[in-house]
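One structure below.
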Amino acid sequence: MSLLLDLFLAFAKVGVMTFGGGYAMLPILEREIVENKGWASREELMDYYAVGQCTPGVIAVNTATFVGFRTAGTLGGVVATLGVVFPSLVIISVIAGVLSNFADIPAVKSAFAGIRVCVCVLIFNAVTKLWKSAVPDKAALCLCLGVFVLSVFLDVSPVVFVIFCAAAGILFTRLGVRGK
């Protein structure tokens with residue numbers, strides 16, 4: 001029971017401390033799950049991010065489910081998921097109840113404009129942290145740049161890029177290209 005409570009509280013802490021959505025949560029998830037709790041290694045967490053991004057749902061919720069399941073089975077997955085969404089559910093319910101009364105006030109509009117800038121910085125921070133472990137070698141860098149360029153110029157489903165990158169990762173490993 002103590003482990004389940006610990007899972008709930010750890011993920012509730014992540015949920016309440018994070019602004020800007022799933023990607024902005026990634027550095028906080030890493031600090032809490034890898035550094036503070038030791039429930040996963042950085043590499044495992046990167047794998048959870050990758051799978052969480054490829055499956056339906058929010059990456060932070062999917063990651064919470066994976067970590068909770070790995071740590072305490074099915075019930076752990078449910079508890080961790082509830083923990084990460086509970087703060088948002090409460091906060092959004094309160095905001096939704098009062099926002100419509102204040103949305104047209106210039107100070108509120110200005111506050112939201114400032115929050116949008118902050119969210120961009122938080123997402124950029126998440127990308128830089130992910131970059132360090134997701135792009136460890138020249139092969140991964142080429143793959144990353146190729147997908148970036150193609151995604152900018154082509155209107156292709158992200159699923160196609162994910163499948164292509166998975167196949168390329170397998171091929172690079174078999175050819176001994178990784179790590180050089």
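We name chains A, B, ... following the order of the structure tokens; residues begin at 1 in each chain, and ligands are numbered from 1 as shown.
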Excluding same-chain residues fewer than 3 positions from range 73-84 of chain A, what lies within 6 Å of it counting only C-alpha atoms, as an MDAnalysis selection string?
chainID A and resid 7:8 11:12 15 61 64:65 68:70
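Every protein, DNA or RNA residue with an atom at most 12 Å from range 112-127 of chain A, where only C-alpha atoms count and chain neighbours fewer than 5 positions away do not, is listed here: Thr18, Phe19, Gly20, Gly21, Gly22, Tyr23, Ala24, Met25, Leu26, Pro27, Ile28, Leu29, Glu30, Arg31, Met46, Tyr49, Leu99, Phe102, Ala103, Asp104, Ile105, Pro106, Ala107, Lys132, Ser133, Ala134 and Val135 of chain A.
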Please, could you write that set of residues out with N, CA and C atoms as a CSV table (one decimal), in the first residue's frame?
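Contents of again_38.csv, as written:
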chain,number,residue,atom,x,y,z
A,18,THR,N,3.6,20.9,-13.2
A,18,THR,CA,3.9,21.0,-14.6
A,18,THR,C,2.9,21.8,-15.3
A,19,PHE,N,3.4,22.8,-16.1
A,19,PHE,CA,2.6,23.6,-16.9
A,19,PHE,C,3.1,23.5,-18.3
A,20,GLY,N,2.2,23.4,-19.3
A,20,GLY,CA,2.7,23.4,-20.7
A,20,GLY,C,2.4,22.1,-21.4
A,21,GLY,N,1.8,21.1,-20.7
A,21,GLY,CA,1.5,19.9,-21.4
A,21,GLY,C,2.5,18.8,-21.3
A,22,GLY,N,2.3,17.7,-22.0
A,22,GLY,CA,3.1,16.5,-21.9
A,22,GLY,C,4.6,16.7,-22.1
A,23,TYR,N,5.0,17.5,-23.1
A,23,TYR,CA,6.5,17.7,-23.3
A,23,TYR,C,7.1,18.5,-22.2
A,24,ALA,N,6.4,19.5,-21.7
A,24,ALA,CA,7.0,20.3,-20.6
A,24,ALA,C,7.2,19.4,-19.3
A,25,MET,N,6.4,18.3,-19.2
A,25,MET,CA,6.5,17.4,-18.1
A,25,MET,C,7.8,16.6,-18.1
A,26,LEU,N,8.3,16.4,-19.2
A,26,LEU,CA,9.4,15.4,-19.4
A,26,LEU,C,10.6,15.6,-18.4
A,27,PRO,N,11.1,16.8,-18.3
A,27,PRO,CA,12.2,17.0,-17.4
A,27,PRO,C,11.8,16.8,-15.9
A,28,ILE,N,10.6,17.1,-15.6
A,28,ILE,CA,10.2,16.9,-14.2
A,28,ILE,C,10.0,15.4,-14.0
A,29,LEU,N,9.4,14.7,-15.0
A,29,LEU,CA,9.3,13.3,-14.9
A,29,LEU,C,10.7,12.6,-14.7
A,30,GLU,N,11.6,13.1,-15.5
A,30,GLU,CA,13.0,12.5,-15.4
A,30,GLU,C,13.5,12.7,-14.0
A,31,ARG,N,13.4,13.9,-13.5
A,31,ARG,CA,14.0,14.2,-12.1
A,31,ARG,C,13.3,13.3,-11.1
A,46,MET,N,13.4,7.0,-21.6
A,46,MET,CA,13.4,7.4,-23.0
A,46,MET,C,12.6,6.4,-23.8
A,49,TYR,N,9.0,7.2,-23.1
A,49,TYR,CA,8.6,8.4,-23.9
A,49,TYR,C,8.3,8.0,-25.3
A,99,LEU,N,-13.2,31.0,-15.3
A,99,LEU,CA,-12.5,31.7,-16.4
A,99,LEU,C,-13.5,32.4,-17.3
A,102,PHE,N,-13.8,35.9,-16.3
A,102,PHE,CA,-12.7,36.8,-16.3
A,102,PHE,C,-11.9,36.8,-17.6
A,103,ALA,N,-12.3,36.0,-18.6
A,103,ALA,CA,-11.5,35.9,-19.8
A,103,ALA,C,-11.3,37.2,-20.6
A,104,ASP,N,-12.2,38.1,-20.5
A,104,ASP,CA,-12.1,39.3,-21.3
A,104,ASP,C,-11.4,40.5,-20.6
A,105,ILE,N,-10.9,40.2,-19.4
A,105,ILE,CA,-10.2,41.2,-18.7
A,105,ILE,C,-8.8,41.3,-19.3
A,106,PRO,N,-8.3,42.6,-19.6
A,106,PRO,CA,-7.0,42.7,-20.2
A,106,PRO,C,-5.8,42.1,-19.4
A,107,ALA,N,-5.9,42.1,-18.1
A,107,ALA,CA,-4.8,41.5,-17.3
A,107,ALA,C,-4.8,40.0,-17.5
A,132,LYS,N,19.9,14.9,-25.6
A,132,LYS,CA,21.2,14.3,-25.1
A,132,LYS,C,21.2,12.8,-25.1
A,133,SER,N,20.1,12.2,-24.8
A,133,SER,CA,20.1,10.7,-24.8
A,133,SER,C,19.4,10.1,-26.0
A,134,ALA,N,18.6,10.9,-26.7
A,134,ALA,CA,18.0,10.4,-27.9
A,134,ALA,C,18.9,10.4,-29.1
A,135,VAL,N,19.8,11.3,-29.2
A,135,VAL,CA,20.7,11.4,-30.3
A,135,VAL,C,22.1,11.2,-29.9
Taking 2 positions as the minimum chain separation for residues in the same chain, which residues sit within 10 Å of Val162 in chain A when counting only C-alpha atoms? Answer as a PDB file with N, CA, C and O atoms, in the first residue's frame.
ATOM      1  N   ALA A  50       9.233   7.211 -25.914  1.00  0.00           N
ATOM      2  CA  ALA A  50       9.076   6.826 -27.318  1.00  0.00           C
ATOM      3  C   ALA A  50       7.781   6.048 -27.531  1.00  0.00           C
ATOM      4  O   ALA A  50       6.998   6.355 -28.436  1.00  0.00           O
ATOM      5  N   VAL A  51       7.540   5.062 -26.684  1.00  0.00           N
ATOM      6  CA  VAL A  51       6.306   4.282 -26.811  1.00  0.00           C
ATOM      7  C   VAL A  51       5.101   5.149 -26.475  1.00  0.00           C
ATOM      8  O   VAL A  51       4.066   5.089 -27.148  1.00  0.00           O
ATOM      9  N   GLN A  53       4.749   8.260 -26.942  1.00  0.00           N
ATOM     10  CA  GLN A  53       4.489   9.174 -28.056  1.00  0.00           C
ATOM     11  C   GLN A  53       3.807   8.444 -29.212  1.00  0.00           C
ATOM     12  O   GLN A  53       3.052   9.042 -29.960  1.00  0.00           O
ATOM     13  N   CYS A  54       4.082   7.163 -29.346  1.00  0.00           N
ATOM     14  CA  CYS A  54       3.549   6.378 -30.468  1.00  0.00           C
ATOM     15  C   CYS A  54       2.179   5.785 -30.182  1.00  0.00           C
ATOM     16  O   CYS A  54       1.569   5.209 -31.077  1.00  0.00           O
ATOM     17  N   VAL A 147      14.396  13.245 -40.572  1.00  0.00           N
ATOM     18  CA  VAL A 147      12.977  13.267 -40.203  1.00  0.00           C
ATOM     19  C   VAL A 147      12.505  14.703 -39.991  1.00  0.00           C
ATOM     20  O   VAL A 147      11.401  15.072 -40.399  1.00  0.00           O
ATOM     21  N   SER A 157       1.946  11.495 -42.107  1.00  0.00           N
ATOM     22  CA  SER A 157       1.555  11.109 -40.754  1.00  0.00           C
ATOM     23  C   SER A 157       2.794  10.807 -39.907  1.00  0.00           C
ATOM     24  O   SER A 157       3.733  10.160 -40.384  1.00  0.00           O
ATOM     25  N   PRO A 158       2.793  11.239 -38.655  1.00  0.00           N
ATOM     26  CA  PRO A 158       3.914  10.909 -37.767  1.00  0.00           C
ATOM     27  C   PRO A 158       4.121   9.402 -37.624  1.00  0.00           C
ATOM     28  O   PRO A 158       5.238   8.951 -37.357  1.00  0.00           O
ATOM     29  N   VAL A 159       3.070   8.632 -37.810  1.00  0.00           N
ATOM     30  CA  VAL A 159       3.187   7.173 -37.719  1.00  0.00           C
ATOM     31  C   VAL A 159       4.186   6.657 -38.752  1.00  0.00           C
ATOM     32  O   VAL A 159       4.981   5.757 -38.466  1.00  0.00           O
ATOM     33  N   VAL A 160       4.177   7.243 -39.934  1.00  0.00           N
ATOM     34  CA  VAL A 160       5.118   6.841 -40.991  1.00  0.00           C
ATOM     35  C   VAL A 160       6.551   7.098 -40.537  1.00  0.00           C
ATOM     36  O   VAL A 160       7.424   6.245 -40.701  1.00  0.00           O
ATOM     37  N   PHE A 164       9.369   4.249 -39.900  1.00  0.00           N
ATOM     38  CA  PHE A 164      10.626   4.386 -40.635  1.00  0.00           C
ATOM     39  C   PHE A 164      11.818   4.424 -39.676  1.00  0.00           C
ATOM     40  O   PHE A 164      12.835   3.751 -39.891  1.00  0.00           O
ATOM     41  N   CYS A 165      11.710   5.206 -38.605  1.00  0.00           N
ATOM     42  CA  CYS A 165      12.820   5.334 -37.656  1.00  0.00           C
ATOM     43  C   CYS A 165      13.059   4.034 -36.892  1.00  0.00           C
ATOM     44  O   CYS A 165      14.211   3.696 -36.598  1.00  0.00           O
ATOM     45  N   ALA A 166      11.990   3.316 -36.566  1.00  0.00           N
ATOM     46  CA  ALA A 166      12.166   2.018 -35.904  1.00  0.00           C
ATOM     47  C   ALA A 166      12.930   1.071 -36.815  1.00  0.00           C
ATOM     48  O   ALA A 166      13.888   0.400 -36.388  1.00  0.00           O
ATOM     49  N   ALA A 167      12.540   1.026 -38.085  1.00  0.00           N
ATOM     50  CA  ALA A 167      13.228   0.156 -39.050  1.00  0.00           C
ATOM     51  C   ALA A 167      14.677   0.607 -39.234  1.00  0.00           C
ATOM     52  O   ALA A 167      15.600  -0.225 -39.276  1.00  0.00           O
ATOM     53  N   ALA A 168      14.888   1.920 -39.321  1.00  0.00           N
ATOM     54  CA  ALA A 168      16.251   2.437 -39.481  1.00  0.00           C
ATOM     55  C   ALA A 168      17.112   2.104 -38.264  1.00  0.00           C
ATOM     56  O   ALA A 168      18.282   1.748 -38.397  1.00  0.00           O
TER      57      ALA A 168
END
Quick check, in Å to one decimal: how far apart do CA of Leu4 in chain A and CA of Val67 in chain A lie?
11.9 Å
Go through chain A and collect every residue that DSSP, computed from the backbone, puts in helix (DSSP H, G or I); the answer should be as an MDAnalysis selection string.
chainID A and resid 2:17 22:36 42:54 59:102 106:134 138:153 158:175
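The interatomic distance for the pair CA of Val58 in chain A and CA of Val16 in chain A works out to 15.5 Å.
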So that I can see what lies close to range 32-40 of chain A, please list as a short mmCIF file (atom, residue, chain, number, x, y, z; two decimals) with N, CA, C and O atoms, in the first residue's frame the residues with an atom at most 8 Å from it, counting only C-alpha atoms and leaving out residues fewer than 4 positions away in the same chain.
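What ended up in result.cif:
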data_model
loop_
_atom_site.label_atom_id
_atom_site.label_comp_id
_atom_site.auth_asym_id
_atom_site.auth_seq_id
_atom_site.Cartn_x
_atom_site.Cartn_y
_atom_site.Cartn_z
N ALA A 10 3.95 10.78 -6.08
CA ALA A 10 5.04 11.18 -6.97
C ALA A 10 4.48 11.70 -8.29
O ALA A 10 4.91 12.76 -8.79
N VAL A 14 4.27 15.52 -10.01
CA VAL A 14 4.62 15.84 -11.40
C VAL A 14 3.46 16.58 -12.06
O VAL A 14 3.64 17.60 -12.72
N ILE A 28 10.62 17.14 -15.58
CA ILE A 28 10.16 16.91 -14.21
C ILE A 28 9.97 15.42 -13.97
O ILE A 28 10.33 14.90 -12.91
N GLU A 44 15.50 3.67 -19.91
CA GLU A 44 14.15 3.11 -19.83
C GLU A 44 13.11 4.21 -19.97
O GLU A 44 12.10 4.03 -20.68
N LEU A 45 13.35 5.34 -19.33
CA LEU A 45 12.40 6.45 -19.43
C LEU A 45 12.31 6.96 -20.86
O LEU A 45 11.22 7.27 -21.35
N VAL A 67 5.46 3.41 -16.09
CA VAL A 67 6.29 3.37 -14.88
C VAL A 67 5.53 2.72 -13.74
O VAL A 67 6.07 1.88 -13.01
N THR A 71 6.53 -0.74 -11.91
CA THR A 71 6.87 -0.65 -10.49
C THR A 71 5.96 -1.49 -9.60
O THR A 71 6.42 -2.12 -8.66
#
